[in-house]
Amino acid sequence: MSTVADNIAVRPLSPAIGAEIIGVDLSQPIDEATKQKMLDIWHDNLVILLRDQNLDEDSHVRFADAFGEPAKVSSGRSFSKKHPSVMLISNIRENGEAIGALPDGEMHFHTDQCHQPRPAKATILYAMEIPREGGDTLFANAYLAYETLPDEIKAKIEGRRALNAYEKDTTVRANNYENGAASWHPIVRTHPATGRKALYVNRLMTREIEGLPKDESERILDFLFDHQEQAKFVYGHKWRPGDVLMWDNRCSLHARTDFSAGERRLLRRVTILGEVPA
Ligand code: SIN
């Protein structure tokens with residue numbers, strides 16, 4: 001008898017990053033063989049997409065739990081009576097207050113929770129309401145970004161750390177970040193499962209390179225941000241309700257395109273706790 005794992009099909013989403021997995025229903029628990037196959041596809045492609053899913057909170061958290069420990073929402077705000085790991089991302093407002101985090105407009109490239117000592121290894125985002133135009137999520141391949149750096153830049157950043165700091169509720173780079181959480185992490189990190197090196201800085205949160213004069217640190221960071229965001233490393237996802245995306249924050253970064261404040265956007269997010277970057 002053929003199993004779910006035997007029947008999985010894979011469709012690349014772009015030359016640089018991302019694959020659609022066809023043949024898995026996440027409203028049901030996944031068996032070990034299916035999980036292993038999905039993990040392999042995820043490690044090879046960094047971002048996986050499953051379309052036409054019907055995911056309630058319980059099945060969303062159960063799916064995350066299969067891959068690691070769901071991380072509690074760190075902002076202090078609660079989005080679910082039952083699951084402290086559930087976050088809503090939405091611009092829908094009730095009594096003037098957005099029902100979700102990160103409500104409006106464009107977001108600069110970043111990796112989730114890189115301002116924490118143990119950033120998220122994975123993020124699982126489920127789309128419920130999507131604007132007709134914009135609000136796409138863009139993904140960049142951080143392995144390719146590292147591998148294609150000029151040798152002199154690789155030599156400059158080798159073994160160095162950078163400060164990642166997040167000013168709460170900001171979606172584009174803020175000049176003042178003194179009030180937010182901050183963590184130092186290696187600029188080049190090695191993925192614990194694949195052994196590959198990835199460039200681990202981002203425009204939204206990375207502030208300075210340890211041990212370099214301020215102007216040199218800024219010059220190199222600006223170069224790294226422009227380098228890693230090149231179109232040839234990026235896949236832009238146009239959401240449909242029912243889409244589930246799971247991305248690997250250890251080797252990819254993501255951003256969001258602008259969208260109209262007059263259109264509703266509602267997604268549910270669960271992240272999985274990662275290891276200390278090394
Ligand atoms: C996120 O960075 O987790 C949100 C991405 C999005 O709203 O598309």
# chains A, B, ... in the order shown; residues from 1 in each chain; ligands from 1
$ closest_atom_pairs --of "chain A" --to "ligand 1" --cutoff "9 Å" --atoms "only C-alpha atoms and all ligand atoms" --output "JSON lines"
{"residue": "A:Ile89", "atom": "CA", "partner": "ligand 1", "partner_atom_place_in_ligand_line": "7 (O)", "distance": 6.1}
{"residue": "A:Ser90", "atom": "CA", "partner": "ligand 1", "partner_atom_place_in_ligand_line": "7 (O)", "distance": 7.8}
{"residue": "A:Ala101", "atom": "CA", "partner": "ligand 1", "partner_atom_place_in_ligand_line": "4 (C)", "distance": 8.8}
{"residue": "A:Leu102", "atom": "CA", "partner": "ligand 1", "partner_atom_place_in_ligand_line": "7 (O)", "distance": 6.9}
{"residue": "A:Pro103", "atom": "CA", "partner": "ligand 1", "partner_atom_place_in_ligand_line": "7 (O)", "distance": 7.8}
{"residue": "A:Asp104", "atom": "CA", "partner": "ligand 1", "partner_atom_place_in_ligand_line": "7 (O)", "distance": 8.7}
{"residue": "A:Gly105", "atom": "CA", "partner": "ligand 1", "partner_atom_place_in_ligand_line": "7 (O)", "distance": 8.8}
{"residue": "A:Glu106", "atom": "CA", "partner": "ligand 1", "partner_atom_place_in_ligand_line": "7 (O)", "distance": 8.7}
{"residue": "A:Met107", "atom": "CA", "partner": "ligand 1", "partner_atom_place_in_ligand_line": "2 (O)", "distance": 7.3}
{"residue": "A:His108", "atom": "CA", "partner": "ligand 1", "partner_atom_place_in_ligand_line": "2 (O)", "distance": 8.8}
{"residue": "A:Phe109", "atom": "CA", "partner": "ligand 1", "partner_atom_place_in_ligand_line": "2 (O)", "distance": 8.3}
{"residue": "A:His110", "atom": "CA", "partner": "ligand 1", "partner_atom_place_in_ligand_line": "2 (O)", "distance": 7.3}
{"residue": "A:Thr111", "atom": "CA", "partner": "ligand 1", "partner_atom_place_in_ligand_line": "2 (O)", "distance": 7.5}
{"residue": "A:Asp112", "atom": "CA", "partner": "ligand 1", "partner_atom_place_in_ligand_line": "2 (O)", "distance": 6.6}
{"residue": "A:Thr123", "atom": "CA", "partner": "ligand 1", "partner_atom_place_in_ligand_line": "3 (O)", "distance": 7.2}
{"residue": "A:Ile124", "atom": "CA", "partner": "ligand 1", "partner_atom_place_in_ligand_line": "3 (O)", "distance": 8.6}
{"residue": "A:Leu125", "atom": "CA", "partner": "ligand 1", "partner_atom_place_in_ligand_line": "3 (O)", "distance": 7.4}
{"residue": "A:Gly135", "atom": "CA", "partner": "ligand 1", "partner_atom_place_in_ligand_line": "8 (O)", "distance": 6.3}
{"residue": "A:Asp136", "atom": "CA", "partner": "ligand 1", "partner_atom_place_in_ligand_line": "8 (O)", "distance": 6.2}
{"residue": "A:Thr137", "atom": "CA", "partner": "ligand 1", "partner_atom_place_in_ligand_line": "8 (O)", "distance": 4.5}
{"residue": "A:Leu138", "atom": "CA", "partner": "ligand 1", "partner_atom_place_in_ligand_line": "8 (O)", "distance": 7.8}
{"residue": "A:Thr171", "atom": "CA", "partner": "ligand 1", "partner_atom_place_in_ligand_line": "2 (O)", "distance": 8.5}
{"residue": "A:His237", "atom": "CA", "partner": "ligand 1", "partner_atom_place_in_ligand_line": "8 (O)", "distance": 8.9}
{"residue": "A:Trp239", "atom": "CA", "partner": "ligand 1", "partner_atom_place_in_ligand_line": "8 (O)", "distance": 8.9}
{"residue": "A:His254", "atom": "CA", "partner": "ligand 1", "partner_atom_place_in_ligand_line": "2 (O)", "distance": 6.6}
{"residue": "A:Ala255", "atom": "CA", "partner": "ligand 1", "partner_atom_place_in_ligand_line": "2 (O)", "distance": 6.4}
{"residue": "A:Arg256", "atom": "CA", "partner": "ligand 1", "partner_atom_place_in_ligand_line": "8 (O)", "distance": 5.0}
{"residue": "A:Thr257", "atom": "CA", "partner": "ligand 1", "partner_atom_place_in_ligand_line": "8 (O)", "distance": 7.9}
{"residue": "A:Arg265", "atom": "CA", "partner": "ligand 1", "partner_atom_place_in_ligand_line": "7 (O)", "distance": 8.5}
{"residue": "A:Leu266", "atom": "CA", "partner": "ligand 1", "partner_atom_place_in_ligand_line": "7 (O)", "distance": 8.6}
{"residue": "A:Leu267", "atom": "CA", "partner": "ligand 1", "partner_atom_place_in_ligand_line": "7 (O)", "distance": 7.4}
{"residue": "A:Arg269", "atom": "CA", "partner": "ligand 1", "partner_atom_place_in_ligand_line": "3 (O)", "distance": 7.1}
{"residue": "A:Thr271", "atom": "CA", "partner": "ligand 1", "partner_atom_place_in_ligand_line": "3 (O)", "distance": 8.9}
$ closest_atom_pairs --of "range 122-193 of chain A" --to "range 198-210 of chain A" --cutoff "7 Å" --atoms "only C-alpha atoms" --output "CSV"
residue,atom,partner,partner_atom,distance
A:Ala142,CA,A:Ala198,CA,5.0
A:Tyr143,CA,A:Ala198,CA,4.3
A:Ala145,CA,A:Leu199,CA,6.3
A:Tyr146,CA,A:Leu199,CA,4.9
A:Arg160,CA,A:Glu210,CA,6.5
A:Arg161,CA,A:Glu210,CA,5.6
A:Ala162,CA,A:Ile209,CA,4.4
A:Leu163,CA,A:Glu208,CA,5.5
A:Asn164,CA,A:Thr206,CA,4.3
A:Ala165,CA,A:Met205,CA,5.2
A:Tyr166,CA,A:Met205,CA,5.6
A:Val172,CA,A:Leu204,CA,5.8
A:Arg173,CA,A:Leu204,CA,4.5
A:Ile187,CA,A:Tyr200,CA,5.0
A:Val188,CA,A:Leu199,CA,4.8
A:Arg189,CA,A:Ala198,CA,5.5
A:Thr190,CA,A:Ala198,CA,6.3
$ write_last_selection --atoms "C-alpha atoms" --output "PDB file, in the first residue's frame"
ATOM      1  CA  ALA A 142      21.501  33.280   2.500  1.00  0.00           C
ATOM      2  CA  TYR A 143      23.744  30.361   1.478  1.00  0.00           C
ATOM      3  CA  ALA A 145      24.542  35.257  -0.627  1.00  0.00           C
ATOM      4  CA  TYR A 146      27.518  34.013   1.426  1.00  0.00           C
ATOM      5  CA  ARG A 160      33.230  38.363  13.474  1.00  0.00           C
ATOM      6  CA  ARG A 161      29.904  38.973  15.198  1.00  0.00           C
ATOM      7  CA  ALA A 162      27.248  41.605  14.521  1.00  0.00           C
ATOM      8  CA  LEU A 163      24.708  43.236  16.809  1.00  0.00           C
ATOM      9  CA  ASN A 164      21.068  42.476  15.931  1.00  0.00           C
ATOM     10  CA  ALA A 165      18.603  44.805  17.656  1.00  0.00           C
ATOM     11  CA  TYR A 166      14.883  45.246  17.192  1.00  0.00           C
ATOM     12  CA  VAL A 172      11.586  49.159   8.322  1.00  0.00           C
ATOM     13  CA  ARG A 173      15.052  49.933   9.667  1.00  0.00           C
ATOM     14  CA  ILE A 187      27.870  37.188  10.696  1.00  0.00           C
ATOM     15  CA  VAL A 188      28.455  33.854   9.009  1.00  0.00           C
ATOM     16  CA  ARG A 189      26.663  30.943  10.625  1.00  0.00           C
ATOM     17  CA  THR A 190      26.860  27.245   9.879  1.00  0.00           C
TER      18      THR A 190
END
$ atom_distance --atom1 "CA of Lys197 in chain A" --atom2 "CA of Thr34 in chain A"
26.9 Å
$ closest_atom_pairs --of "range 178-221 of chain A" --to "range 42-66 of chain A" --cutoff "12 Å" --atoms "only C-alpha atoms" --output "tab-separated table"
residue	atom	partner	partner_atom	distance
A:His191	CA	A:His43	CA	9.6
A:Pro192	CA	A:His43	CA	10.6
A:Ala193	CA	A:His43	CA	7.7
A:Thr194	CA	A:His43	CA	7.0
A:Gly195	CA	A:His43	CA	10.6
A:Arg196	CA	A:His43	CA	10.4
A:Ala198	CA	A:Leu46	CA	11.5
$ closest_residue --among "A:Lys121, A:Leu13, A:Ile30, A:Glu97" --to "Gly68 in chain A" --atoms "only C-alpha atoms"
A:Lys121
$ select_by_dssp --residues "range 17-239 of chain A" --states "alpha helix (DSSP H)" --output "PDB file with N, CA and C atoms, in the first residue's frame"
ATOM      1  N   GLU A  32       5.990   9.720  10.569  1.00  0.00           N
ATOM      2  CA  GLU A  32       7.432   9.936  10.647  1.00  0.00           C
ATOM      3  C   GLU A  32       8.076   9.985   9.246  1.00  0.00           C
ATOM      4  N   ALA A  33       7.627   9.082   8.350  1.00  0.00           N
ATOM      5  CA  ALA A  33       8.235   9.051   7.003  1.00  0.00           C
ATOM      6  C   ALA A  33       7.921  10.350   6.253  1.00  0.00           C
ATOM      7  N   THR A  34       6.699  10.850   6.414  1.00  0.00           N
ATOM      8  CA  THR A  34       6.314  12.106   5.752  1.00  0.00           C
ATOM      9  C   THR A  34       7.133  13.254   6.326  1.00  0.00           C
ATOM     10  N   LYS A  35       7.267  13.269   7.651  1.00  0.00           N
ATOM     11  CA  LYS A  35       8.047  14.338   8.289  1.00  0.00           C
ATOM     12  C   LYS A  35       9.498  14.332   7.780  1.00  0.00           C
ATOM     13  N   GLN A  36      10.100  13.142   7.718  1.00  0.00           N
ATOM     14  CA  GLN A  36      11.496  13.066   7.261  1.00  0.00           C
ATOM     15  C   GLN A  36      11.627  13.553   5.827  1.00  0.00           C
ATOM     16  N   LYS A  37      10.668  13.175   4.987  1.00  0.00           N
ATOM     17  CA  LYS A  37      10.726  13.602   3.588  1.00  0.00           C
ATOM     18  C   LYS A  37      10.565  15.126   3.488  1.00  0.00           C
ATOM     19  N   MET A  38       9.639  15.670   4.277  1.00  0.00           N
ATOM     20  CA  MET A  38       9.444  17.128   4.262  1.00  0.00           C
ATOM     21  C   MET A  38      10.698  17.847   4.763  1.00  0.00           C
ATOM     22  N   LEU A  39      11.327  17.269   5.782  1.00  0.00           N
ATOM     23  CA  LEU A  39      12.558  17.883   6.319  1.00  0.00           C
ATOM     24  C   LEU A  39      13.644  17.936   5.247  1.00  0.00           C
ATOM     25  N   ASP A  40      13.805  16.810   4.516  1.00  0.00           N
ATOM     26  CA  ASP A  40      14.830  16.783   3.460  1.00  0.00           C
ATOM     27  C   ASP A  40      14.543  17.842   2.399  1.00  0.00           C
ATOM     28  N   ILE A  41      13.265  17.947   2.006  1.00  0.00           N
ATOM     29  CA  ILE A  41      12.903  18.934   0.967  1.00  0.00           C
ATOM     30  C   ILE A  41      13.145  20.351   1.504  1.00  0.00           C
ATOM     31  N   TRP A  42      12.817  20.544   2.781  1.00  0.00           N
ATOM     32  CA  TRP A  42      13.011  21.865   3.415  1.00  0.00           C
ATOM     33  C   TRP A  42      14.504  22.226   3.457  1.00  0.00           C
ATOM     34  N   HIS A  43      15.324  21.265   3.872  1.00  0.00           N
ATOM     35  CA  HIS A  43      16.765  21.549   3.953  1.00  0.00           C
ATOM     36  C   HIS A  43      17.351  21.841   2.565  1.00  0.00           C
ATOM     37  N   ASP A  44      16.815  21.190   1.538  1.00  0.00           N
ATOM     38  CA  ASP A  44      17.332  21.422   0.180  1.00  0.00           C
ATOM     39  C   ASP A  44      16.840  22.748  -0.392  1.00  0.00           C
ATOM     40  N   ASN A  45      15.648  23.189   0.026  1.00  0.00           N
ATOM     41  CA  ASN A  45      15.006  24.342  -0.645  1.00  0.00           C
ATOM     42  C   ASN A  45      14.783  25.556   0.240  1.00  0.00           C
ATOM     43  N   GLU A  57      -6.002  26.392  14.724  1.00  0.00           N
ATOM     44  CA  GLU A  57      -4.855  26.650  15.621  1.00  0.00           C
ATOM     45  C   GLU A  57      -4.205  25.350  16.085  1.00  0.00           C
ATOM     46  N   ASP A  58      -5.043  24.372  16.446  1.00  0.00           N
ATOM     47  CA  ASP A  58      -4.491  23.115  16.977  1.00  0.00           C
ATOM     48  C   ASP A  58      -3.612  22.415  15.931  1.00  0.00           C
ATOM     49  N   SER A  59      -4.109  22.329  14.711  1.00  0.00           N
ATOM     50  CA  SER A  59      -3.306  21.614  13.708  1.00  0.00           C
ATOM     51  C   SER A  59      -2.071  22.419  13.310  1.00  0.00           C
ATOM     52  N   HIS A  60      -2.166  23.749  13.356  1.00  0.00           N
ATOM     53  CA  HIS A  60      -1.003  24.599  13.067  1.00  0.00           C
ATOM     54  C   HIS A  60       0.114  24.333  14.096  1.00  0.00           C
ATOM     55  N   VAL A  61      -0.276  24.351  15.371  1.00  0.00           N
ATOM     56  CA  VAL A  61       0.725  24.136  16.433  1.00  0.00           C
ATOM     57  C   VAL A  61       1.239  22.686  16.406  1.00  0.00           C
ATOM     58  N   ARG A  62       0.348  21.738  16.107  1.00  0.00           N
ATOM     59  CA  ARG A  62       0.788  20.326  16.029  1.00  0.00           C
ATOM     60  C   ARG A  62       1.817  20.156  14.913  1.00  0.00           C
ATOM     61  N   PHE A  63       1.597  20.808  13.780  1.00  0.00           N
ATOM     62  CA  PHE A  63       2.559  20.717  12.667  1.00  0.00           C
ATOM     63  C   PHE A  63       3.909  21.303  13.104  1.00  0.00           C
ATOM     64  N   ALA A  64       3.880  22.472  13.748  1.00  0.00           N
ATOM     65  CA  ALA A  64       5.136  23.074  14.230  1.00  0.00           C
ATOM     66  C   ALA A  64       5.845  22.134  15.211  1.00  0.00           C
ATOM     67  N   ASP A  65       5.079  21.579  16.110  1.00  0.00           N
ATOM     68  CA  ASP A  65       5.607  20.718  17.163  1.00  0.00           C
ATOM     69  C   ASP A  65       6.341  19.495  16.594  1.00  0.00           C
ATOM     70  N   ALA A  66       5.947  19.063  15.402  1.00  0.00           N
ATOM     71  CA  ALA A  66       6.610  17.907  14.776  1.00  0.00           C
ATOM     72  C   ALA A  66       8.066  18.235  14.441  1.00  0.00           C
ATOM     73  N   PHE A  67       8.380  19.523  14.282  1.00  0.00           N
ATOM     74  CA  PHE A  67       9.721  19.922  13.843  1.00  0.00           C
ATOM     75  C   PHE A  67      10.555  20.564  14.945  1.00  0.00           C
ATOM     76  N   ALA A 142      20.314  32.742   1.796  1.00  0.00           N
ATOM     77  CA  ALA A 142      21.501  33.280   2.500  1.00  0.00           C
ATOM     78  C   ALA A 142      22.739  32.414   2.316  1.00  0.00           C
ATOM     79  N   TYR A 143      22.562  31.163   1.850  1.00  0.00           N
ATOM     80  CA  TYR A 143      23.744  30.361   1.478  1.00  0.00           C
ATOM     81  C   TYR A 143      24.380  30.980   0.231  1.00  0.00           C
ATOM     82  N   LEU A 144      23.524  31.220  -0.798  1.00  0.00           N
ATOM     83  CA  LEU A 144      24.054  31.767  -2.053  1.00  0.00           C
ATOM     84  C   LEU A 144      24.663  33.140  -1.805  1.00  0.00           C
ATOM     85  N   ALA A 145      24.005  33.920  -0.930  1.00  0.00           N
ATOM     86  CA  ALA A 145      24.542  35.257  -0.627  1.00  0.00           C
ATOM     87  C   ALA A 145      25.960  35.125  -0.062  1.00  0.00           C
ATOM     88  N   TYR A 146      26.170  34.186   0.857  1.00  0.00           N
ATOM     89  CA  TYR A 146      27.518  34.013   1.426  1.00  0.00           C
ATOM     90  C   TYR A 146      28.501  33.507   0.365  1.00  0.00           C
ATOM     91  N   GLU A 147      28.078  32.476  -0.355  1.00  0.00           N
ATOM     92  CA  GLU A 147      29.006  31.809  -1.284  1.00  0.00           C
ATOM     93  C   GLU A 147      29.483  32.743  -2.389  1.00  0.00           C
ATOM     94  N   ASP A 151      36.089  37.613  -2.107  1.00  0.00           N
ATOM     95  CA  ASP A 151      36.992  37.024  -1.102  1.00  0.00           C
ATOM     96  C   ASP A 151      37.403  38.029  -0.030  1.00  0.00           C
ATOM     97  N   GLU A 152      37.626  39.312  -0.432  1.00  0.00           N
ATOM     98  CA  GLU A 152      38.098  40.274   0.584  1.00  0.00           C
ATOM     99  C   GLU A 152      37.012  40.570   1.619  1.00  0.00           C
ATOM    100  N   ILE A 153      35.762  40.513   1.212  1.00  0.00           N
ATOM    101  CA  ILE A 153      34.666  40.715   2.179  1.00  0.00           C
ATOM    102  C   ILE A 153      34.548  39.484   3.075  1.00  0.00           C
ATOM    103  N   LYS A 154      34.658  38.292   2.465  1.00  0.00           N
ATOM    104  CA  LYS A 154      34.625  37.066   3.280  1.00  0.00           C
ATOM    105  C   LYS A 154      35.714  37.135   4.349  1.00  0.00           C
ATOM    106  N   ALA A 155      36.912  37.585   3.951  1.00  0.00           N
ATOM    107  CA  ALA A 155      38.037  37.645   4.909  1.00  0.00           C
ATOM    108  C   ALA A 155      37.733  38.659   6.014  1.00  0.00           C
ATOM    109  N   LYS A 156      37.119  39.776   5.651  1.00  0.00           N
ATOM    110  CA  LYS A 156      36.800  40.839   6.629  1.00  0.00           C
ATOM    111  C   LYS A 156      35.802  40.372   7.694  1.00  0.00           C
ATOM    112  N   ILE A 157      34.823  39.556   7.273  1.00  0.00           N
ATOM    113  CA  ILE A 157      33.744  39.202   8.215  1.00  0.00           C
ATOM    114  C   ILE A 157      33.976  37.861   8.900  1.00  0.00           C
ATOM    115  N   LYS A 214      33.208  52.559  13.223  1.00  0.00           N
ATOM    116  CA  LYS A 214      31.798  52.729  12.843  1.00  0.00           C
ATOM    117  C   LYS A 214      31.602  52.881  11.324  1.00  0.00           C
ATOM    118  N   ASP A 215      32.445  53.736  10.689  1.00  0.00           N
ATOM    119  CA  ASP A 215      32.207  53.976   9.254  1.00  0.00           C
ATOM    120  C   ASP A 215      32.504  52.733   8.425  1.00  0.00           C
ATOM    121  N   GLU A 216      33.531  51.973   8.807  1.00  0.00           N
ATOM    122  CA  GLU A 216      33.835  50.741   8.067  1.00  0.00           C
ATOM    123  C   GLU A 216      32.721  49.700   8.283  1.00  0.00           C
ATOM    124  N   SER A 217      32.257  49.600   9.523  1.00  0.00           N
ATOM    125  CA  SER A 217      31.171  48.671   9.840  1.00  0.00           C
ATOM    126  C   SER A 217      29.935  49.021   9.000  1.00  0.00           C
ATOM    127  N   GLU A 218      29.610  50.297   8.919  1.00  0.00           N
ATOM    128  CA  GLU A 218      28.411  50.710   8.146  1.00  0.00           C
ATOM    129  C   GLU A 218      28.584  50.413   6.661  1.00  0.00           C
ATOM    130  N   ARG A 219      29.807  50.686   6.164  1.00  0.00           N
ATOM    131  CA  ARG A 219      30.067  50.457   4.730  1.00  0.00           C
ATOM    132  C   ARG A 219      29.904  48.963   4.401  1.00  0.00           C
ATOM    133  N   ILE A 220      30.476  48.115   5.238  1.00  0.00           N
ATOM    134  CA  ILE A 220      30.405  46.671   4.951  1.00  0.00           C
ATOM    135  C   ILE A 220      28.965  46.173   5.093  1.00  0.00           C
ATOM    136  N   LEU A 221      28.275  46.634   6.124  1.00  0.00           N
ATOM    137  CA  LEU A 221      26.879  46.179   6.281  1.00  0.00           C
ATOM    138  C   LEU A 221      26.020  46.613   5.088  1.00  0.00           C
ATOM    139  N   ASP A 222      26.191  47.862   4.648  1.00  0.00           N
ATOM    140  CA  ASP A 222      25.410  48.319   3.481  1.00  0.00           C
ATOM    141  C   ASP A 222      25.699  47.434   2.266  1.00  0.00           C
ATOM    142  N   PHE A 223      26.974  47.096   2.106  1.00  0.00           N
ATOM    143  CA  PHE A 223      27.338  46.215   0.980  1.00  0.00           C
ATOM    144  C   PHE A 223      26.645  44.854   1.130  1.00  0.00           C
ATOM    145  N   LEU A 224      26.692  44.295   2.343  1.00  0.00           N
ATOM    146  CA  LEU A 224      26.101  42.966   2.567  1.00  0.00           C
ATOM    147  C   LEU A 224      24.590  42.980   2.341  1.00  0.00           C
ATOM    148  N   PHE A 225      23.913  44.032   2.817  1.00  0.00           N
ATOM    149  CA  PHE A 225      22.446  44.107   2.631  1.00  0.00           C
ATOM    150  C   PHE A 225      22.112  44.147   1.130  1.00  0.00           C
ATOM    151  N   ASP A 226      22.811  45.027   0.381  1.00  0.00           N
ATOM    152  CA  ASP A 226      22.516  45.124  -1.061  1.00  0.00           C
ATOM    153  C   ASP A 226      22.829  43.800  -1.759  1.00  0.00           C
ATOM    154  N   HIS A 227      23.923  43.184  -1.350  1.00  0.00           N
ATOM    155  CA  HIS A 227      24.343  41.920  -1.981  1.00  0.00           C
ATOM    156  C   HIS A 227      23.295  40.825  -1.763  1.00  0.00           C
ATOM    157  N   GLN A 228      22.839  40.670  -0.513  1.00  0.00           N
ATOM    158  CA  GLN A 228      21.966  39.529  -0.194  1.00  0.00           C
ATOM    159  C   GLN A 228      20.552  39.711  -0.737  1.00  0.00           C
TER     160      GLN A 228
END
$ select_by_dssp --residues "range 115-268 of chain A" --states "strand (DSSP E)" --output "PyMOL selection string"
chain A and resi 120-129+137-141+161-166+181-186+188-190+197-199+206-209+234-237+244-248+252-256+266-268
$ closest_residue --among "A:Ala278, A:Ala140, A:Leu212, A:Ile21" --to "Trp184 in chain A" --atoms "only C-alpha atoms"
A:Ala278
$ residues_around --residues "Lys232 in chain A" --least-positions-apart "3" --cutoff "9 Å" --atoms "only C-alpha atoms" --output "ChimeraX atom specification"
/A:15-16,140,229,235
$ write_last_selection --atoms "N, CA and C atoms" --output "PDB file, in the first residue's frame"
ATOM      1  N   PRO A  15      14.496  29.591  -9.228  1.00  0.00           N
ATOM      2  CA  PRO A  15      15.827  28.982  -9.334  1.00  0.00           C
ATOM      3  C   PRO A  15      16.618  29.086  -8.025  1.00  0.00           C
ATOM      4  N   ALA A  16      16.346  30.105  -7.213  1.00  0.00           N
ATOM      5  CA  ALA A  16      17.199  30.361  -6.047  1.00  0.00           C
ATOM      6  C   ALA A  16      16.726  29.685  -4.774  1.00  0.00           C
ATOM      7  N   ALA A 140      15.025  35.352   0.444  1.00  0.00           N
ATOM      8  CA  ALA A 140      16.358  35.372  -0.168  1.00  0.00           C
ATOM      9  C   ALA A 140      17.197  34.228   0.388  1.00  0.00           C
ATOM     10  N   GLU A 229      20.184  40.950  -1.075  1.00  0.00           N
ATOM     11  CA  GLU A 229      18.816  41.222  -1.548  1.00  0.00           C
ATOM     12  C   GLU A 229      18.695  41.218  -3.080  1.00  0.00           C
ATOM     13  N   TYR A 235      12.963  34.753  -4.157  1.00  0.00           N
ATOM     14  CA  TYR A 235      11.645  34.305  -4.638  1.00  0.00           C
ATOM     15  C   TYR A 235      10.582  35.183  -3.975  1.00  0.00           C
TER      16      TYR A 235
END
